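K.L.:
Quick one, work.cif (mmCIF, C-alpha atoms):
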data_upload
loop_
_atom_site.label_atom_id
_atom_site.label_comp_id
_atom_site.auth_asym_id
_atom_site.auth_seq_id
_atom_site.Cartn_x
_atom_site.Cartn_y
_atom_site.Cartn_z
CA MET A 251 -1.56 68.83 2.92
CA ILE A 252 -5.13 68.76 1.69
CA ILE A 253 -3.96 69.91 -1.71
CA ASN A 254 -1.48 67.03 -1.89
CA ARG A 255 -4.21 64.53 -1.07
CA ILE A 256 -6.44 65.99 -3.74
CA LEU A 257 -3.61 65.77 -6.25
CA LEU A 258 -2.97 62.13 -5.30
CA VAL A 259 -6.64 61.25 -5.72
CA PHE A 260 -6.74 63.05 -9.06
CA ALA A 261 -3.59 61.26 -10.22
CA ALA A 262 -5.02 57.89 -9.18
CA LEU A 263 -8.26 58.60 -11.06
CA LEU A 264 -6.27 59.66 -14.09
CA VAL A 265 -4.25 56.43 -14.02
CA MET A 266 -7.42 54.35 -13.69
CA ALA A 267 -9.02 56.23 -16.56
CA CYS A 268 -5.98 55.62 -18.74
CA GLN A 269 -5.98 51.93 -17.86
CA ASN A 270 -9.71 51.67 -18.72
CA ASP A 271 -9.08 53.41 -22.02
CA ASP A 272 -6.22 51.04 -22.81
CA LYS A 273 -8.38 48.04 -21.94
CA ARG A 274 -11.24 49.34 -24.10
CA LEU A 275 -8.86 49.92 -27.00
CA GLU A 276 -7.45 46.42 -26.64
CA GLU A 277 -10.97 44.95 -26.65
CA GLN A 278 -11.88 46.97 -29.72
CA ALA A 279 -8.71 45.81 -31.47
CA ARG A 280 -9.46 42.16 -30.64
CA ASP A 281 -13.04 42.57 -31.81
CA ALA A 282 -11.93 44.18 -35.06
CA LYS A 283 -9.38 41.41 -35.64
CA ALA A 284 -12.01 38.71 -34.97
CA LYS A 285 -14.44 40.35 -37.40
CA GLU A 286 -11.70 40.65 -40.01
CA LEU A 287 -10.94 36.94 -39.65
CA ILE A 288 -14.63 36.03 -39.93
CA PHE A 289 -14.95 38.17 -43.06
CA SER A 290 -11.84 36.56 -44.56
CA ASN A 291 -13.10 33.03 -43.87
CA ILE A 292 -16.56 33.70 -45.28
CA ASN A 293 -15.12 35.50 -48.28
CA LYS A 294 -12.96 32.45 -49.08
CA GLY A 295 -15.76 29.94 -48.48
CA TRP A 296 -18.54 31.82 -50.28
CA ASN A 297 -18.23 30.00 -53.60
CA PHE A 298 -21.40 28.89 -55.37
CA ALA A 299 -21.35 26.89 -58.59
CA THR A 300 -24.14 26.49 -61.13
CA PRO A 301 -24.14 22.93 -62.56
CA ALA A 302 -24.45 22.24 -66.27
CA LEU A 303 -27.68 20.91 -67.76
CA MET A 304 -28.38 18.87 -70.87
CA PRO A 305 -29.20 21.23 -73.78
CA LYS A 306 -32.83 20.08 -73.92
CA THR A 307 -33.24 20.52 -70.14
CA GLN A 308 -31.65 23.97 -70.34
CA ALA A 309 -34.13 24.97 -73.02
CA MET A 310 -37.04 23.74 -70.88
CA VAL A 311 -36.02 25.79 -67.83
CA GLY A 312 -35.01 28.81 -69.92
CA ASN A 313 -38.28 30.65 -69.32
CA TRP A 314 -38.43 29.90 -65.59
CA THR A 315 -37.97 33.46 -64.33
CA GLU A 316 -37.68 32.56 -60.64
CA LEU A 317 -34.83 30.13 -61.27
CA ARG A 318 -32.99 32.64 -63.44
CA LEU A 319 -33.28 35.37 -60.78
CA PHE A 320 -32.11 32.98 -58.06
CA LEU A 321 -29.03 31.95 -60.06
CA THR A 322 -28.21 35.57 -60.89
CA GLU A 323 -28.32 36.46 -57.19
CA LEU A 324 -26.31 33.36 -56.33
CA ASN A 325 -23.49 34.15 -58.74
CA GLU A 326 -23.02 37.78 -57.62
CA LYS A 327 -20.49 37.48 -54.80
CA PRO A 328 -20.28 40.30 -52.21
CA GLN A 329 -16.88 41.88 -51.73
CA SER A 330 -16.86 44.85 -49.39
CA SER A 331 -17.89 43.74 -45.89
CA ILE A 332 -19.78 41.31 -43.66
CA GLY A 333 -22.77 43.63 -44.05
CA ALA A 334 -22.70 43.00 -47.79
CA PHE A 335 -22.73 39.24 -47.21
CA GLN A 336 -25.62 39.61 -44.76
CA LYS A 337 -27.60 41.59 -47.32
CA LYS A 338 -26.84 39.00 -50.00
CA ALA A 339 -27.96 36.14 -47.72
CA LYS A 340 -31.33 37.81 -47.14
CA ALA A 341 -31.83 38.33 -50.88
CA LEU A 342 -30.91 34.70 -51.62
CA SER A 343 -33.34 33.45 -49.00
CA LYS A 344 -36.18 35.36 -50.67
CA LYS A 345 -35.22 34.21 -54.17
CA ALA A 346 -35.01 30.58 -52.99
CA LYS A 347 -38.50 30.82 -51.53
CA ASP A 348 -39.80 32.07 -54.90
CA LEU A 349 -38.52 28.95 -56.69
CA THR A 350 -41.80 27.16 -55.97
CA ASN A 351 -43.61 29.69 -58.17
CA ASN A 352 -44.29 29.00 -61.85
CA ILE A 353 -42.41 25.69 -62.03
CA PRO A 354 -42.52 24.51 -65.67
CA ALA A 355 -45.11 21.76 -66.11
CA PRO A 356 -42.61 18.96 -66.94
CA PHE A 357 -40.78 19.66 -63.67
CA ASN A 358 -43.79 20.31 -61.46
CA LYS A 359 -43.35 16.99 -59.67
CA PRO A 360 -43.08 15.98 -55.98
CA GLN A 361 -39.46 14.84 -56.25
CA ILE A 362 -38.36 18.18 -57.71
CA LYS A 363 -40.38 20.17 -55.18
CA ALA A 364 -38.69 18.14 -52.43
CA ARG A 365 -35.25 19.04 -53.83
CA ILE A 366 -36.21 22.71 -53.94
CA ALA A 367 -37.38 22.54 -50.32
CA VAL A 368 -34.04 21.10 -49.14
CA LEU A 369 -32.08 23.71 -51.12
CA THR A 370 -34.22 26.48 -49.63
CA THR A 371 -33.53 25.15 -46.12
CA LYS A 372 -29.75 25.36 -46.71
CA ILE A 373 -30.01 28.92 -48.04
CA ASN A 374 -32.17 29.92 -45.06
CA SER A 375 -29.55 28.45 -42.71
CA ILE A 376 -26.87 30.63 -44.31
CA ASN A 377 -29.10 33.66 -43.79
CA LEU A 378 -29.73 32.69 -40.17
CA TYR A 379 -26.12 32.10 -39.15
CA ILE A 380 -24.59 35.08 -40.93
CA ASN A 381 -27.02 37.47 -39.24
CA LEU A 382 -26.25 36.34 -35.68
CA ASP A 383 -24.33 38.69 -33.38
CA GLY A 384 -21.45 36.26 -33.05
CA ILE A 385 -21.25 34.87 -36.57
CA PRO A 386 -20.33 31.15 -36.64
CA ASP A 387 -18.34 31.45 -39.86
CA GLN A 388 -17.66 27.70 -40.13
CA LYS A 389 -21.39 26.95 -40.06
CA VAL A 390 -21.96 29.54 -42.77
CA ILE A 391 -19.27 27.93 -44.94
CA ALA A 392 -20.59 24.41 -44.26
CA ASN A 393 -24.06 25.44 -45.41
CA VAL A 394 -22.61 27.02 -48.56
CA VAL A 395 -21.04 23.63 -49.36
CA ASP A 396 -24.34 21.87 -48.61
CA ALA A 397 -26.28 24.33 -50.77
CA ASN A 398 -23.96 23.59 -53.69
CA GLU A 399 -24.59 19.87 -53.25
CA GLU A 400 -28.37 20.36 -53.11
CA LEU A 401 -28.33 22.58 -56.20
CA ALA A 402 -26.38 19.88 -58.05
CA ALA A 403 -28.92 17.27 -56.89
CA LEU A 404 -31.78 19.47 -58.13
CA TYR A 405 -30.14 19.82 -61.54
CA ARG A 406 -29.60 16.06 -61.77
CA GLU A 407 -33.32 15.64 -61.04
CA PHE A 408 -34.12 18.04 -63.90
CA ASP A 409 -32.02 16.00 -66.34
CA GLU A 410 -33.41 12.70 -65.05
CA THR A 411 -36.97 13.95 -65.57
CA VAL A 412 -36.19 14.84 -69.18
CA ARG A 413 -34.45 11.51 -69.82
CA LYS A 414 -37.43 9.55 -68.47
CA SER A 415 -39.82 11.52 -70.66
CA GLU A 416 -37.83 10.49 -73.73
CA ILE A 417 -37.83 6.75 -73.03
CA PRO A 418 -40.01 5.14 -75.77
CA LYS A 419 -42.91 3.04 -74.56
CA GLU A 420 -42.67 -0.69 -75.25
CA GLU A 421 -44.67 -2.10 -78.14
CA GLY A 422 -48.29 -2.48 -77.14
CA GLU A 423 -47.89 -0.49 -73.92
CA ALA A 424 -49.83 2.50 -75.24
CA ASP A 425 -52.66 0.20 -76.47
CA MET A 426 -52.75 -1.51 -73.08
CA ILE A 427 -53.08 1.83 -71.31
CA ARG A 428 -55.95 2.83 -73.62
CA MET A 429 -57.68 -0.53 -73.00
CA LEU A 430 -57.38 -0.07 -69.25
CA ASP A 431 -58.86 3.39 -69.49
CA THR A 432 -61.72 2.06 -71.63
CA ALA A 433 -62.35 -0.79 -69.21
CA ARG A 434 -62.63 1.68 -66.34
CA ALA A 435 -65.23 3.61 -68.32
CA ILE A 436 -67.49 0.54 -68.90
CA PRO A 437 -70.15 0.25 -66.20
CA ASN A 438 -70.25 -2.96 -64.18
CA THR A 439 -74.07 -3.31 -64.44
CA PRO A 440 -74.87 -6.08 -66.99
CA PRO A 441 -77.21 -5.16 -69.86
CA PRO A 442 -80.87 -6.26 -69.55
CA THR A 443 -81.64 -9.71 -70.94
CA THR A 444 -83.99 -9.75 -73.95
CA ILE A 445 -86.34 -12.70 -74.70
CA SER A 446 -88.17 -13.64 -77.84
CA PRO A 447 -92.04 -13.51 -78.11
CA MET A 448 -92.20 -17.34 -78.09
CA GLN A 449 -90.18 -17.48 -74.87
CA GLN A 450 -92.51 -14.90 -73.34
CA MET A 451 -95.62 -17.01 -74.28
CA GLN A 452 -94.04 -20.10 -72.71
CA LYS A 453 -93.23 -18.14 -69.61
CA ASN A 454 -96.80 -16.85 -69.33
CA ALA A 455 -98.20 -20.38 -69.83
CA LEU A 456 -96.18 -21.65 -66.93
CA LYS A 457 -97.59 -18.94 -64.73
CA LYS A 458 -101.26 -19.99 -65.39
CA PRO A 459 -102.80 -21.94 -62.48
CA VAL A 460 -103.67 -25.61 -63.06
CA ARG A 461 -107.49 -26.38 -62.72
#
Would you mind giving the structure from this file in structure tokens?
P.N.:
Amino acid sequence: MIINRILLVFAALLVMACQNDDKRLEEQARDAKAKELIFSNINKGWNFATPALMPKTQAMVGNWTELRLFLTELNEKPQSSIGAFQKKAKALSKKAKDLTNNIPAPFNKPQIKARIAVLTTKINSINLYINLDGIPDQKVIANVVDANEELAALYREFDETVRKSEIPKEEGEADMIRMLDTARAIPNTPPPTTISPMQQMQKNALKKPVR
């Protein structure tokens, strides 16, 4: 009788253990399927495009090492796993931060620095979201789209800067600028007034007291 009870308890424990194992396997399968879907979505949405520049603009940014390294990193798409995308996002975030270094003089302007800052923010957002435990794949993809738009805006700013530098000054504008600079250099204190010897004698005579 006691043996039968022991066998029943053992059988019940065995059934419970099997049910727990089945539940754990089901959870693992669901988790694997969810991760596979996230990887598939990010893999499809991870498409960066480098805009075209005017030939003269391209030549002017050609020696900007930080920009070249950023674009190289941007155009190398991960393939193997979510981990590869996470590693790529971290590398892109670092390369985007470096874009503020060694900006070529013609482009070292507030409007271009502002564009770089916005682009860096979008890249950092990708890095943030893709490294969360529960990856919000749609937010990652949305920020990839935004980063493409900001990169295009930055490139338009490059071309616009070059176009403005090539606009010829109107006739007389350069002379006017030089005159304004010269006027600023002239002191406001009037020069001392000079008088002739005769005027000085008359002035001294007026100062003599009348007797």
K.L.:
Interatomic distance between CA of Phe320 in chain A and CA of Phe298 in chain A?
P.N.:
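CA of Phe298 in chain A lies 11.8 Å from CA of Phe320 in chain A.
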K.L.:
For Ala364 in chain A, work out the shell of residues within 12 Å, counting all atoms listed in the file and skipping chain neighbours fewer than 4 positions away, then give it as JSON, numbers by chain.
P.N.:
{"A": [349, 350, 357, 358, 359, 360, 368, 369, 370, 371, 400, 401, 403, 404, 407]}
K.L.:
Enter the distance from CA of Arg280 in chain A to CA of Ile391 in chain A, in Å, rounded to one decimal.
P.N.:
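CA of Arg280 in chain A sits 22.4 Å away from CA of Ile391 in chain A.
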K.L.:
Can you measure CA of Asn293 in chain A to CA of Pro328 in chain A for me? One decimal in Å is fine.
P.N.:
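Separation of CA of Asn293 in chain A and CA of Pro328 in chain A: 8.1 Å.
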K.L.:
So, counting all atoms listed in the file, which residue among A:Lys389, A:Lys372, A:Lys414, A:Lys345 is closest to Leu317 in chain A?
P.N.:
A:Lys345
K.L.:
List the residues sitting within 8 Å of (-40.6, 26.3, -65.4) in the file's frame, using only C-alpha atoms, as a list of chain:residue names.
P.N.:
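Every polymer residue passing the test: A:Met310, A:Val311, A:Gly312, A:Asn313, A:Trp314, A:Thr315, A:Asn352, A:Ile353, A:Pro354, A:Ala355, A:Pro356, A:Phe357, A:Asn358.
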K.L.:
Starting from the displayed file, determine the output of the PyMOL selection byres ((chain A and resi 322) around 12) and express the residue list as a ChimeraX atom specification.
P.N.:
/A:298-300,315-321,323-327,338,341-342,345-346
K.L.:
Could the residues in this selection be saved with C-alpha atoms as an mmCIF file, in the frame of the given file?
P.N.:
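Printed below is again_16.cif as written:
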data_model
loop_
_atom_site.group_PDB
_atom_site.id
_atom_site.type_symbol
_atom_site.label_atom_id
_atom_site.label_comp_id
_atom_site.auth_asym_id
_atom_site.auth_seq_id
_atom_site.Cartn_x
_atom_site.Cartn_y
_atom_site.Cartn_z
ATOM 1 C CA PHE A 298 -21.400 28.890 -55.370
ATOM 2 C CA ALA A 299 -21.350 26.890 -58.590
ATOM 3 C CA THR A 300 -24.140 26.490 -61.130
ATOM 4 C CA THR A 315 -37.970 33.460 -64.330
ATOM 5 C CA GLU A 316 -37.680 32.560 -60.640
ATOM 6 C CA LEU A 317 -34.830 30.130 -61.270
ATOM 7 C CA ARG A 318 -32.990 32.640 -63.440
ATOM 8 C CA LEU A 319 -33.280 35.370 -60.780
ATOM 9 C CA PHE A 320 -32.110 32.980 -58.060
ATOM 10 C CA LEU A 321 -29.030 31.950 -60.060
ATOM 11 C CA GLU A 323 -28.320 36.460 -57.190
ATOM 12 C CA LEU A 324 -26.310 33.360 -56.330
ATOM 13 C CA ASN A 325 -23.490 34.150 -58.740
ATOM 14 C CA GLU A 326 -23.020 37.780 -57.620
ATOM 15 C CA LYS A 327 -20.490 37.480 -54.800
ATOM 16 C CA LYS A 338 -26.840 39.000 -50.000
ATOM 17 C CA ALA A 341 -31.830 38.330 -50.880
ATOM 18 C CA LEU A 342 -30.910 34.700 -51.620
ATOM 19 C CA LYS A 345 -35.220 34.210 -54.170
ATOM 20 C CA ALA A 346 -35.010 30.580 -52.990
#
K.L.:
Mind telling me what the PyMOL selection byres ((chain A and resi 307) around 10) catches here, as a list in words?
P.N.:
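Matching residues under the PyMOL selection byres ((chain A and resi 307) around 10) are Ala302, Leu303, Met304, Pro305, Lys306, Gln308, Ala309, Met310, Val311, Gly312, Phe357, Tyr405, Phe408, Asp409, Glu410, Thr411, Val412 and Arg413 of chain A.
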K.L.:
With C-alpha atoms retained, could you export that selection as a PDB file, in the coordinates of the input?
P.N.:
ATOM      1  CA  ALA A 302     -24.450  22.240 -66.270  1.00  0.00           C
ATOM      2  CA  LEU A 303     -27.680  20.910 -67.760  1.00  0.00           C
ATOM      3  CA  MET A 304     -28.380  18.870 -70.870  1.00  0.00           C
ATOM      4  CA  PRO A 305     -29.200  21.230 -73.780  1.00  0.00           C
ATOM      5  CA  LYS A 306     -32.830  20.080 -73.920  1.00  0.00           C
ATOM      6  CA  GLN A 308     -31.650  23.970 -70.340  1.00  0.00           C
ATOM      7  CA  ALA A 309     -34.130  24.970 -73.020  1.00  0.00           C
ATOM      8  CA  MET A 310     -37.040  23.740 -70.880  1.00  0.00           C
ATOM      9  CA  VAL A 311     -36.020  25.790 -67.830  1.00  0.00           C
ATOM     10  CA  GLY A 312     -35.010  28.810 -69.920  1.00  0.00           C
ATOM     11  CA  PHE A 357     -40.780  19.660 -63.670  1.00  0.00           C
ATOM     12  CA  TYR A 405     -30.140  19.820 -61.540  1.00  0.00           C
ATOM     13  CA  PHE A 408     -34.120  18.040 -63.900  1.00  0.00           C
ATOM     14  CA  ASP A 409     -32.020  16.000 -66.340  1.00  0.00           C
ATOM     15  CA  GLU A 410     -33.410  12.700 -65.050  1.00  0.00           C
ATOM     16  CA  THR A 411     -36.970  13.950 -65.570  1.00  0.00           C
ATOM     17  CA  VAL A 412     -36.190  14.840 -69.180  1.00  0.00           C
ATOM     18  CA  ARG A 413     -34.450  11.510 -69.820  1.00  0.00           C
TER      19      ARG A 413
END
K.L.:
Given the PyMOL selection byres ((chain A and resi 339) around 10) and the file above, list the residues it selects as a ChimeraX atom specification.
P.N.:
/A:323-324,328,333-338,340-345,373-381
K.L.:
Pick out the closest residue to Lys285 in chain A from this set: A:Ala402, A:Asp348, A:Ile332, A:Ile417. Count only C-alpha atoms.
P.N.:
A:Ile332
